>>> print(open('start.cif').read())   # mmCIF, C-alpha atoms
data_data
loop_
_atom_site.group_PDB
_atom_site.id
_atom_site.type_symbol
_atom_site.label_atom_id
_atom_site.label_comp_id
_atom_site.auth_asym_id
_atom_site.auth_seq_id
_atom_site.Cartn_x
_atom_site.Cartn_y
_atom_site.Cartn_z
ATOM 1 C CA MET C 1 47.479 8.923 -73.018
ATOM 2 C CA THR C 2 49.469 8.301 -76.188
ATOM 3 C CA ASP C 3 52.718 10.070 -77.018
ATOM 4 C CA SER C 4 51.122 12.301 -79.644
ATOM 5 C CA ASP C 5 48.198 13.216 -77.353
ATOM 6 C CA PHE C 6 50.658 14.092 -74.645
ATOM 7 C CA GLU C 7 52.711 16.285 -76.978
ATOM 8 C CA LYS C 8 49.632 18.088 -78.284
ATOM 9 C CA GLN C 9 48.259 18.708 -74.812
ATOM 10 C CA ILE C 10 51.518 19.894 -73.333
ATOM 11 C CA LEU C 11 52.277 22.241 -76.237
ATOM 12 C CA ARG C 12 48.947 23.990 -75.638
ATOM 13 C CA TYR C 13 50.041 24.975 -72.132
ATOM 14 C CA LYS C 14 53.654 25.877 -72.863
ATOM 15 C CA LYS C 15 53.212 29.626 -72.287
ATOM 16 C CA LYS C 16 51.103 29.233 -69.161
ATOM 17 C CA LEU C 17 53.500 26.723 -67.634
ATOM 18 C CA TYR C 18 56.518 28.884 -68.361
ATOM 19 C CA ARG C 19 54.911 32.056 -66.982
ATOM 20 C CA PHE C 20 53.727 30.292 -63.866
ATOM 21 C CA ALA C 21 57.178 28.810 -63.293
ATOM 22 C CA LEU C 22 58.742 32.222 -63.870
ATOM 23 C CA SER C 23 56.401 33.828 -61.341
ATOM 24 C CA ILE C 24 57.669 31.416 -58.685
ATOM 25 C CA LEU C 25 61.337 31.083 -59.612
ATOM 26 C CA LYS C 26 61.867 34.618 -60.974
ATOM 27 C CA GLN C 27 64.719 33.543 -63.247
ATOM 28 C CA LYS C 28 64.102 32.734 -66.911
ATOM 29 C CA GLU C 29 66.617 29.884 -67.051
ATOM 30 C CA ASP C 30 65.175 28.311 -63.919
ATOM 31 C CA ALA C 31 61.638 28.607 -65.274
ATOM 32 C CA GLN C 32 62.658 27.019 -68.549
ATOM 33 C CA ASP C 33 64.452 24.214 -66.749
ATOM 34 C CA ALA C 34 61.492 23.647 -64.427
ATOM 35 C CA VAL C 35 59.053 23.347 -67.321
ATOM 36 C CA GLN C 36 61.301 20.890 -69.139
ATOM 37 C CA GLU C 37 61.799 18.864 -65.977
ATOM 38 C CA VAL C 38 58.073 18.706 -65.225
ATOM 39 C CA VAL C 39 57.320 17.729 -68.817
ATOM 40 C CA LEU C 40 59.874 14.941 -68.500
ATOM 41 C CA ARG C 41 58.360 13.699 -65.233
ATOM 42 C CA MET C 42 54.879 13.761 -66.695
ATOM 43 C CA TRP C 43 56.054 12.032 -69.846
ATOM 44 C CA LYS C 44 57.446 9.191 -67.739
ATOM 45 C CA LYS C 45 53.981 8.517 -66.369
ATOM 46 C CA ARG C 46 51.996 9.588 -69.418
ATOM 47 C CA GLU C 47 50.289 6.214 -69.578
ATOM 48 C CA LEU C 48 48.737 6.869 -66.191
ATOM 49 C CA LEU C 49 47.479 10.296 -67.203
ATOM 50 C CA ASN C 50 43.904 10.286 -68.302
ATOM 51 C CA SER C 51 43.211 12.952 -70.898
ATOM 52 C CA LYS C 52 39.683 13.339 -69.533
ATOM 53 C CA GLU C 53 41.031 14.536 -66.209
ATOM 54 C CA ASN C 54 41.943 18.176 -65.724
ATOM 55 C CA PHE C 55 45.282 17.965 -67.437
ATOM 56 C CA GLU C 56 45.887 21.710 -67.192
ATOM 57 C CA SER C 57 45.460 21.773 -63.413
ATOM 58 C CA TYR C 58 47.694 18.750 -63.104
ATOM 59 C CA CYS C 59 50.439 20.467 -65.130
ATOM 60 C CA MET C 60 50.219 23.671 -63.124
ATOM 61 C CA ASN C 61 50.223 21.742 -59.875
ATOM 62 C CA SER C 62 53.316 19.819 -60.974
ATOM 63 C CA ILE C 63 55.075 23.074 -61.840
ATOM 64 C CA LYS C 64 54.196 24.502 -58.444
ATOM 65 C CA ASN C 65 55.478 21.444 -56.588
ATOM 66 C CA TYR C 66 58.696 21.267 -58.548
ATOM 67 C CA ALA C 67 59.403 24.994 -58.281
ATOM 68 C CA LEU C 68 58.722 25.102 -54.546
ATOM 69 C CA ASP C 69 60.976 22.083 -53.997
ATOM 70 C CA LEU C 70 63.698 23.856 -55.909
ATOM 71 C CA LEU C 71 63.279 26.997 -53.826
ATOM 72 C CA ARG C 72 63.401 24.993 -50.594
ATOM 73 C CA LYS C 73 66.625 23.297 -51.687
ATOM 74 C CA ARG C 74 68.165 26.612 -52.598
ATOM 75 C CA ARG C 75 67.173 28.210 -49.348
ATOM 76 C CA ASN C 76 69.140 25.488 -47.623
ATOM 77 C CA LEU C 77 72.224 26.493 -49.568
ATOM 78 C CA GLN C 78 71.910 30.248 -49.519
ATOM 79 C CA ASN C 79 69.588 33.054 -48.781
ATOM 80 C CA TYR C 80 67.640 32.907 -51.985
ATOM 81 C CA LYS C 81 65.979 36.260 -51.463
ATOM 82 C CA GLU C 82 69.320 37.985 -51.707
ATOM 83 C CA SER C 83 70.013 36.394 -55.037
ATOM 84 C CA THR C 84 66.752 37.448 -56.672
ATOM 85 C CA PRO C 85 66.806 40.295 -59.183
ATOM 86 C CA ALA C 86 64.684 42.422 -56.877
ATOM 87 C CA GLY C 87 67.013 41.780 -53.984
ATOM 88 C CA ASN C 88 70.135 42.585 -55.950
ATOM 89 C CA ILE C 89 69.010 45.759 -57.609
ATOM 90 C CA ALA C 90 70.859 48.923 -56.629
ATOM 91 C CA PRO C 91 68.693 51.756 -55.189
ATOM 92 C CA GLU C 92 69.764 54.277 -57.848
ATOM 93 C CA GLU C 93 69.005 51.737 -60.574
ATOM 94 C CA PHE C 94 65.618 51.138 -58.994
ATOM 95 C CA GLU C 95 64.872 54.855 -59.010
ATOM 96 C CA ASN C 96 65.509 55.049 -62.752
ATOM 97 C CA LYS C 97 62.830 52.500 -63.518
ATOM 98 C CA ASP C 98 59.308 53.477 -64.529
ATOM 99 C CA ILE C 99 56.329 52.641 -62.349
ATOM 100 C CA ILE C 100 55.407 49.543 -64.358
ATOM 101 C CA GLU C 101 58.870 48.050 -63.938
ATOM 102 C CA LYS C 102 58.795 48.958 -60.255
ATOM 103 C CA MET C 103 55.449 47.220 -59.900
ATOM 104 C CA GLN C 104 56.928 44.133 -61.568
ATOM 105 C CA LEU C 105 59.721 44.180 -58.999
ATOM 106 C CA PHE C 106 57.226 44.616 -56.142
ATOM 107 C CA LEU C 107 55.365 41.659 -57.525
ATOM 108 C CA LYS C 108 58.532 39.578 -57.423
ATOM 109 C CA GLN C 109 59.067 40.580 -53.812
ATOM 110 C CA LEU C 110 55.709 39.188 -52.701
ATOM 111 C CA PRO C 111 55.697 35.960 -50.679
ATOM 112 C CA VAL C 112 55.568 32.995 -52.988
ATOM 113 C CA GLN C 113 52.005 31.925 -52.091
ATOM 114 C CA GLN C 114 50.680 35.406 -52.871
ATOM 115 C CA ARG C 115 52.777 35.623 -56.005
ATOM 116 C CA MET C 116 51.414 32.330 -57.303
ATOM 117 C CA ALA C 117 47.830 33.284 -56.506
ATOM 118 C CA ILE C 118 48.156 36.702 -58.181
ATOM 119 C CA GLU C 119 49.813 35.167 -61.229
ATOM 120 C CA LEU C 120 47.052 32.623 -61.664
ATOM 121 C CA LYS C 121 44.158 34.959 -60.889
ATOM 122 C CA ASP C 122 45.136 38.304 -62.400
ATOM 123 C CA PHE C 123 47.690 37.371 -65.036
ATOM 124 C CA GLN C 124 46.324 34.063 -66.288
ATOM 125 C CA GLY C 125 42.657 34.647 -65.474
ATOM 126 C CA TYR C 126 41.814 31.450 -63.614
ATOM 127 C CA GLU C 127 38.861 31.142 -61.242
ATOM 128 C CA TYR C 128 39.427 30.580 -57.527
ATOM 129 C CA GLU C 129 38.166 26.995 -57.795
ATOM 130 C CA GLU C 130 40.801 26.240 -60.427
ATOM 131 C CA ILE C 131 43.488 28.019 -58.417
ATOM 132 C CA SER C 132 42.583 26.037 -55.325
ATOM 133 C CA THR C 133 43.030 22.792 -57.304
ATOM 134 C CA MET C 134 46.316 23.904 -58.796
ATOM 135 C CA LEU C 135 47.796 25.125 -55.533
ATOM 136 C CA GLU C 136 46.144 22.448 -53.389
ATOM 137 C CA ILE C 137 44.622 24.978 -51.039
ATOM 138 C CA SER C 138 41.043 25.918 -50.227
ATOM 139 C CA VAL C 139 39.121 28.383 -52.348
ATOM 140 C CA ASN C 140 39.096 30.787 -49.442
ATOM 141 C CA ALA C 141 42.850 30.506 -48.963
ATOM 142 C CA ALA C 142 43.328 31.229 -52.664
ATOM 143 C CA ARG C 143 41.173 34.351 -52.329
ATOM 144 C CA VAL C 144 43.026 35.457 -49.203
ATOM 145 C CA ASN C 145 46.379 35.097 -50.949
ATOM 146 C CA VAL C 146 45.178 37.145 -53.904
ATOM 147 C CA SER C 147 43.766 39.769 -51.578
ATOM 148 C CA ARG C 148 46.937 40.054 -49.486
ATOM 149 C CA GLY C 149 49.067 40.299 -52.575
ATOM 150 C CA ARG C 150 46.919 43.008 -54.123
ATOM 151 C CA LYS C 151 46.846 44.970 -50.868
ATOM 152 C CA ARG C 152 50.596 44.808 -50.546
ATOM 153 C CA LEU C 153 51.071 45.939 -54.134
ATOM 154 C CA TYR C 154 48.609 48.741 -53.532
ATOM 155 C CA GLU C 155 50.520 49.849 -50.443
ATOM 156 C CA LYS C 156 53.831 49.751 -52.302
ATOM 157 C CA PHE C 157 52.301 51.712 -55.156
ATOM 158 C CA LYS C 158 50.982 54.364 -52.803
ATOM 159 C CA GLU C 159 54.386 54.645 -51.118
ATOM 160 C CA GLU C 160 56.102 54.988 -54.458
ATOM 161 C CA ILE C 161 53.711 57.668 -55.679
ATOM 162 C CA SER C 162 53.915 59.647 -52.462
ATOM 163 C CA ASN C 163 57.753 59.449 -52.517
ATOM 164 C CA GLY C 164 57.594 61.070 -55.896
ATOM 165 C CA MET Q 1 26.629 58.858 -65.135
ATOM 166 C CA ALA Q 2 27.963 56.286 -62.717
ATOM 167 C CA LYS Q 3 28.840 57.454 -59.275
ATOM 168 C CA LYS Q 4 32.574 57.754 -58.659
ATOM 169 C CA THR Q 5 33.840 55.528 -55.871
ATOM 170 C CA LYS Q 6 37.056 54.735 -54.042
ATOM 171 C CA ILE Q 7 39.068 51.797 -55.351
ATOM 172 C CA PRO Q 8 36.606 48.955 -54.854
ATOM 173 C CA GLU Q 9 37.193 47.111 -51.621
ATOM 174 C CA GLU Q 10 35.947 44.074 -53.493
ATOM 175 C CA PHE Q 11 39.032 44.245 -55.689
ATOM 176 C CA LEU Q 12 41.427 44.401 -52.765
ATOM 177 C CA GLU Q 13 39.460 41.668 -51.041
ATOM 178 C CA GLY Q 14 39.868 39.540 -54.119
ATOM 179 C CA LYS Q 15 36.169 39.466 -54.891
ATOM 180 C CA LEU Q 16 36.479 41.358 -58.174
ATOM 181 C CA SER Q 17 38.942 40.868 -60.972
ATOM 182 C CA VAL Q 18 40.775 43.825 -62.443
ATOM 183 C CA ASP Q 19 38.723 43.537 -65.643
ATOM 184 C CA GLU Q 20 35.512 43.909 -63.700
ATOM 185 C CA ILE Q 21 36.432 47.386 -62.516
ATOM 186 C CA GLU Q 22 35.039 50.085 -64.755
ATOM 187 C CA SER Q 23 37.660 52.667 -65.657
ATOM 188 C CA GLY Q 24 36.696 56.259 -64.929
ATOM 189 C CA ASN Q 25 34.453 55.288 -62.040
ATOM 190 C CA ILE Q 26 37.138 55.599 -59.416
ATOM 191 C CA GLU Q 27 37.024 58.748 -57.390
ATOM 192 C CA ASN Q 28 40.582 58.862 -56.197
ATOM 193 C CA SER Q 29 43.088 59.583 -58.935
ATOM 194 C CA MET Q 30 45.814 57.555 -57.169
ATOM 195 C CA ASP Q 31 43.503 54.544 -57.049
ATOM 196 C CA GLU Q 32 42.626 55.116 -60.686
ATOM 197 C CA GLU Q 33 46.330 55.292 -61.455
ATOM 198 C CA PHE Q 34 46.930 52.063 -59.513
ATOM 199 C CA ILE Q 35 44.319 50.153 -61.480
ATOM 200 C CA HIS Q 36 45.671 51.599 -64.695
ATOM 201 C CA THR Q 37 49.241 50.626 -63.793
ATOM 202 C CA TYR Q 38 48.140 47.206 -62.622
ATOM 203 C CA ARG Q 39 46.439 46.565 -65.958
ATOM 204 C CA LYS Q 40 49.554 47.723 -67.786
ATOM 205 C CA VAL Q 41 51.737 45.403 -65.730
ATOM 206 C CA ILE Q 42 49.433 42.508 -66.601
ATOM 207 C CA SER Q 43 49.308 43.293 -70.301
ATOM 208 C CA LYS Q 44 53.076 43.902 -70.479
ATOM 209 C CA ASN Q 45 53.711 40.624 -68.735
ATOM 210 C CA ASN Q 46 51.322 38.701 -70.966
ATOM 211 C CA GLU Q 47 52.598 40.283 -74.164
ATOM 212 C CA GLU Q 48 56.190 39.473 -73.331
ATOM 213 C CA GLU Q 49 57.486 36.767 -75.639
ATOM 214 C CA ILE Q 50 58.541 33.600 -73.950
ATOM 215 C CA PRO Q 51 61.915 32.130 -74.923
ATOM 216 C CA ASN Q 52 61.797 29.700 -77.790
ATOM 217 C CA PHE Q 53 62.896 26.571 -76.005
ATOM 218 C CA ASN Q 54 62.249 22.936 -76.704
ATOM 219 C CA LEU Q 55 59.760 21.555 -74.218
ATOM 220 C CA PHE Q 56 60.842 18.013 -74.978
ATOM 221 C CA GLU Q 57 64.584 18.578 -74.752
ATOM 222 C CA LYS Q 58 64.955 16.634 -71.522
ATOM 223 C CA ILE Q 59 62.767 13.853 -72.876
ATOM 224 C CA ALA Q 60 65.013 13.568 -75.925
ATOM 225 C CA PHE Q 61 68.066 13.591 -73.678
ATOM 226 C CA GLN Q 62 66.502 10.976 -71.426
ATOM 227 C CA GLN Q 63 65.651 8.755 -74.387
ATOM 228 C CA LYS Q 64 69.187 9.088 -75.700
ATOM 229 C CA LYS Q 65 70.545 8.236 -72.264
ATOM 230 C CA GLU Q 66 68.255 5.216 -72.020
ATOM 231 C CA ARG Q 67 69.352 4.009 -75.452
ATOM 232 C CA THR Q 68 73.007 4.409 -74.460
ATOM 233 C CA ASN Q 69 72.371 2.596 -71.185
ATOM 234 C CA ARG Q 70 70.547 -0.211 -72.981
ATOM 235 C CA PHE Q 71 73.442 -0.549 -75.403
ATOM 236 C CA LYS Q 72 75.956 -0.496 -72.543
ATOM 237 C CA ARG Q 73 73.965 -3.122 -70.649
ATOM 238 C CA ALA Q 74 73.646 -5.337 -73.717
ATOM 239 C CA PHE Q 75 77.312 -4.858 -74.462
ATOM 240 C CA SER Q 76 78.236 -5.760 -70.876
ATOM 241 C CA TYR Q 77 76.099 -8.914 -71.003
ATOM 242 C CA ALA Q 78 77.614 -9.875 -74.338
ATOM 243 C CA ALA Q 79 81.105 -9.213 -72.993
ATOM 244 C CA ILE Q 80 80.378 -11.347 -69.917
ATOM 245 C CA VAL Q 81 79.003 -14.180 -72.074
ATOM 246 C CA VAL Q 82 81.990 -14.000 -74.428
ATOM 247 C CA ALA Q 83 84.384 -13.914 -71.491
ATOM 248 C CA LEU Q 84 82.698 -16.931 -69.872
ATOM 249 C CA VAL Q 85 82.617 -18.898 -73.105
ATOM 250 C CA GLY Q 86 86.242 -17.960 -73.742
ATOM 251 C CA PHE Q 87 87.231 -18.942 -70.240
ATOM 252 C CA PHE Q 88 85.519 -22.323 -70.455
ATOM 253 C CA SER Q 89 86.923 -22.943 -73.925
ATOM 254 C CA ILE Q 90 90.431 -22.217 -72.733
ATOM 255 C CA PHE Q 91 89.857 -24.345 -69.647
ATOM 256 C CA PHE Q 92 88.587 -27.286 -71.695
ATOM 257 C CA TYR Q 93 91.291 -26.826 -74.308
ATOM 258 C CA PHE Q 94 94.080 -26.910 -71.767
ATOM 259 C CA ASN Q 95 92.453 -29.688 -69.854
ATOM 260 C CA THR Q 96 92.078 -31.802 -72.988
ATOM 261 C CA THR Q 97 95.578 -30.972 -74.229
ATOM 262 C CA ARG Q 98 97.052 -31.872 -70.876
ATOM 263 C CA LYS Q 99 95.190 -35.180 -70.838
ATOM 264 C CA GLN Q 100 96.229 -35.918 -74.403
ATOM 265 C CA HIS Q 101 99.810 -35.050 -73.593
ATOM 266 C CA THR Q 102 99.783 -37.347 -70.568
ATOM 267 C CA GLN Q 103 98.262 -40.116 -72.641
ATOM 268 C CA THR Q 104 100.832 -39.665 -75.416
ATOM 269 C CA VAL Q 105 103.661 -39.798 -72.914
ATOM 270 C CA LYS Q 106 102.173 -42.915 -71.348
ATOM 271 C CA ILE Q 107 101.758 -44.586 -74.732
ATOM 272 C CA ALA Q 108 105.331 -43.738 -75.692
ATOM 273 C CA GLU Q 109 106.562 -45.125 -72.385
ATOM 274 C CA THR Q 110 104.480 -48.260 -72.845
ATOM 275 C CA GLN Q 111 105.792 -48.676 -76.374
ATOM 276 C CA LYS Q 112 109.350 -48.399 -75.144
ATOM 277 C CA GLU Q 113 108.623 -50.858 -72.358
ATOM 278 C CA VAL Q 114 106.999 -53.299 -74.766
ATOM 279 C CA ILE Q 115 109.910 -53.052 -77.213
ATOM 280 C CA LYS Q 116 112.335 -53.599 -74.383
ATOM 281 C CA VAL Q 117 110.357 -56.534 -73.072
ATOM 282 C CA LEU Q 118 110.036 -58.030 -76.550
ATOM 283 C CA PHE Q 119 113.755 -57.591 -77.072
ATOM 284 C CA LEU Q 120 114.563 -59.280 -73.802
ATOM 285 C CA PHE Q 121 112.031 -61.954 -74.517
ATOM 286 C CA SER Q 122 113.471 -62.651 -77.966
ATOM 287 C CA GLU Q 123 116.973 -62.687 -76.514
ATOM 288 C CA GLU Q 124 115.906 -65.141 -73.850
ATOM 289 C CA LEU Q 125 114.035 -67.183 -76.396
ATOM 290 C CA ASN Q 126 117.077 -67.351 -78.630
ATOM 291 C CA LYS Q 127 119.240 -68.379 -75.730
ATOM 292 C CA THR Q 128 116.747 -70.992 -74.688
ATOM 293 C CA LEU Q 129 116.366 -72.372 -78.192
ATOM 294 C CA LYS Q 130 120.112 -72.477 -78.583
ATOM 295 C CA ASN Q 131 120.495 -74.233 -75.248
ATOM 296 C CA PHE Q 132 117.728 -76.553 -76.132
ATOM 297 C CA ASP Q 133 119.265 -77.319 -79.468
ATOM 298 C CA GLU Q 134 122.652 -77.918 -77.926
ATOM 299 C CA ALA Q 135 121.141 -80.038 -75.208
ATOM 300 C CA THR Q 136 119.182 -82.077 -77.754
ATOM 301 C CA THR Q 137 122.285 -82.679 -79.837
ATOM 302 C CA ALA Q 138 124.604 -83.371 -76.922
ATOM 303 C CA PHE Q 139 122.565 -85.648 -74.841
ATOM 304 C CA GLN Q 140 120.428 -87.375 -77.425
ATOM 305 C CA PRO Q 141 120.810 -91.130 -77.306
ATOM 306 C CA PHE Q 142 122.440 -92.441 -80.427
ATOM 307 C CA SER Q 143 119.652 -94.862 -81.140
ATOM 308 C CA ASP Q 144 117.386 -91.955 -81.705
ATOM 309 C CA TYR Q 145 119.377 -91.072 -84.788
ATOM 310 C CA ASN Q 146 118.031 -94.218 -86.420
ATOM 311 C CA ASN Q 147 114.710 -92.616 -86.600
ATOM 312 C CA TYR Q 148 116.063 -90.060 -89.015
ATOM 313 C CA LYS Q 149 115.245 -90.942 -92.513
ATOM 314 C CA ILE Q 150 118.190 -90.733 -94.798
ATOM 315 C CA ASP Q 151 117.382 -89.575 -98.181
ATOM 316 C CA PHE Q 152 119.421 -91.714 -100.418
ATOM 317 C CA ASN Q 153 118.454 -89.707 -103.388
ATOM 318 C CA ASN Q 154 120.132 -86.726 -101.982
ATOM 319 C CA PRO Q 155 121.394 -84.752 -104.972
ATOM 320 C CA MET Q 156 124.357 -83.623 -102.997
ATOM 321 C CA LYS Q 157 125.740 -87.050 -102.359
ATOM 322 C CA ASN Q 158 127.507 -87.412 -105.680
ATOM 323 C CA LEU Q 159 128.683 -83.931 -105.707
ATOM 324 C CA LYS Q 160 132.404 -83.749 -106.209
ATOM 325 C CA ILE Q 161 133.558 -80.780 -104.464
ATOM 326 C CA ASN Q 162 137.010 -80.781 -106.020
ATOM 327 C CA GLU Q 163 135.506 -80.533 -109.429
ATOM 328 C CA LEU Q 164 133.591 -77.547 -108.688
#
>>> encode(input="start.cif", output="structure tokens")
Amino acid sequence: MTDSDFEKQILRYKKKLYRFALSILKQKEDAQDAVQEVVLRMWKKRELLNSKENFESYCMNSIKNYALDLLRKRRNLQNYKESTPAGNIAPEEFENKDIIEKMQLFLKQLPVQQRMAIELKDFQGYEYEEISTMLEISVNAARVNVSRGRKRLYEKFKEEISNG
Amino acid sequence: MAKKTKIPEEFLEGKLSVDEIESGNIENSMDEEFIHTYRKVISKNNEEEIPNFNLFEKIAFQQKKERTNRFKRAFSYAAIVVALVGFFSIFFYFNTTRKQHTQTVKIAETQKEVIKVLFLFSEELNKTLKNFDEATTAFQPFSDYNNYKIDFNNPMKNLKINEL
């Protein structure tokens, strides 16, 4: 793949890559850094990348691997969950949010596998086959992750509505 | 009119996407509200502008770093070559100068020795010639003087010294 082909291809997926990275890392700066880092890594081996292959899946898969590595490293240093926006938010502040913002926070609190699957399926509209390639899991596992995530969100939503 | 149902199990099981659920066909208002909220969360998320960042920033940085490293490496090699050449030049210069100096000193010494020897030789030669001359004059048999040819036309013979 030539330099210009690489640039064209990667620019097409900028939004998707950023949103996917954000869904895993939760922080905008981290997501931005992850996308830039993955682009750099892919650029280093651009000559090995065949444009006929599924470039999009490869990009998403690279983002997933990089972001999960980053999370693992951080978990070794500190309890990452406590540092997430959802973990840090004060209860009274949470109460002042509307249901959409609360749902966004619930989404961020999902386990990472479910979060990734929901992001790819519901937010980016990929098919399970594509998700399974991107996440390197079976089609069934992709469906299970989406299902568990949706069920959890549904439960949280019900709780929130019933609490008033 | 379509029959109103509960929130489709297929959705929670991950078999249906949120777009495949027909609005208004859900019996339970909470479920209806959930689907509505879920759609809003998705559209809000997808409409959110992503930060305007340069995807290739790290690549540019990497290229700059590589250029700097290449320059540093080339500069180091050049410095090493210059240092080696300089070192050998200085070594050869001093070596040659030292040899030349030694040779000059030797030549000067030899010259002095030769002059001294020549002086002694000439002194000895003079002494010897003088001795020889004296010996020839002193011990020469008188008869030998007959062999001398007397120049009777000597212009000095009639010279009257008193008249001078």
>>> closest_residue(input="start.cif", among="C:Arg19, C:Arg72, C:Lys64, C:Arg12", to="chain Q", atoms="all atoms listed in the file")
C:Arg19
>>> closest_atom_pairs(input="start.cif", of="chain C", to="chain Q", cutoff="7 Å", atoms="all atoms listed in the file", output="tab-separated table")
residue	atom	partner	partner_atom	distance
C:Lys15	CA	Q:Ile50	CA	6.9
C:Gln36	CA	Q:Leu55	CA	5.3
C:Glu37	CA	Q:Lys58	CA	6.8
C:Leu40	CA	Q:Ile59	CA	5.4
C:Ile100	CA	Q:Val41	CA	5.7
C:Gln104	CA	Q:Val41	CA	6.8
C:Asp122	CA	Q:Ser17	CA	6.9
C:Phe123	CA	Q:Ile42	CA	5.6
C:Arg143	CA	Q:Gly14	CA	5.6
C:Val146	CA	Q:Gly14	CA	5.8
C:Ser147	CA	Q:Gly14	CA	4.7
C:Arg150	CA	Q:Leu12	CA	5.8
C:Lys151	CA	Q:Leu12	CA	5.8
C:Phe157	CA	Q:Phe34	CA	6.9
>>> resolve_selection(input="start.cif", expression="the PyMOL selection byres ((chain C and resi 1) around 9)", output="list in words")
Thr2, Asp3, Ser4, Asp5, Phe6, Arg46, Glu47, Leu48, Leu49, Asn50 and Ser51 of chain C
>>> residues_around(input="start.cif", residues="region 127-140 of chain C", least_positions_apart="4", cutoff="9 Å", atoms="all atoms listed in the file", output="MDAnalysis selection string")
chainID C and resid 56:62 64:65 113 116:117 120:121 144:145
>>> closest_residue(input="start.cif", among="C:Ala142, C:Ile10, C:Ala31, C:Leu70", to="Gln114 (chain C)", atoms="all atoms listed in the file")
C:Ala142
>>> axis_aligned_box(input="start.cif", around="region 54-66 of chain C", padding_each_side="3 Å", output="JSON")
{"center_x": 50.3, "center_y": 21.2, "center_z": -62.0, "size_x": 22.8, "size_y": 12.5, "size_z": 16.8}
>>> atom_distance(input="start.cif", atom1="CA of Leu107 (chain C)", atom2="CA of Lys156 (chain C)")
9.8 Å
>>> atom_distance(input="start.cif", atom1="CA of Ile63 (chain C)", atom2="CA of Leu17 (chain C)")
7.0 Å
>>> atom_distance(input="start.cif", atom1="CA of Val105 (chain Q)", atom2="CA of Leu125 (chain Q)")
29.5 Å
>>> closest_residue(input="start.cif", among="C:Pro111, C:Gly125, C:Leu11, C:Ala67", to="Asp33 (chain C)", atoms="only C-alpha atoms")
C:Ala67
>>> closest_residue(input="start.cif", among="C:Phe106, C:Tyr154, C:Phe20, C:Tyr126", to="Tyr66 (chain C)", atoms="only C-alpha atoms")
C:Phe20
>>> closest_residue(input="start.cif", among="Q:Ser29, Q:Glu20, Q:Leu120, Q:Glu134", to="Lys158 (chain C)", atoms="all atoms listed in the file")
Q:Ser29
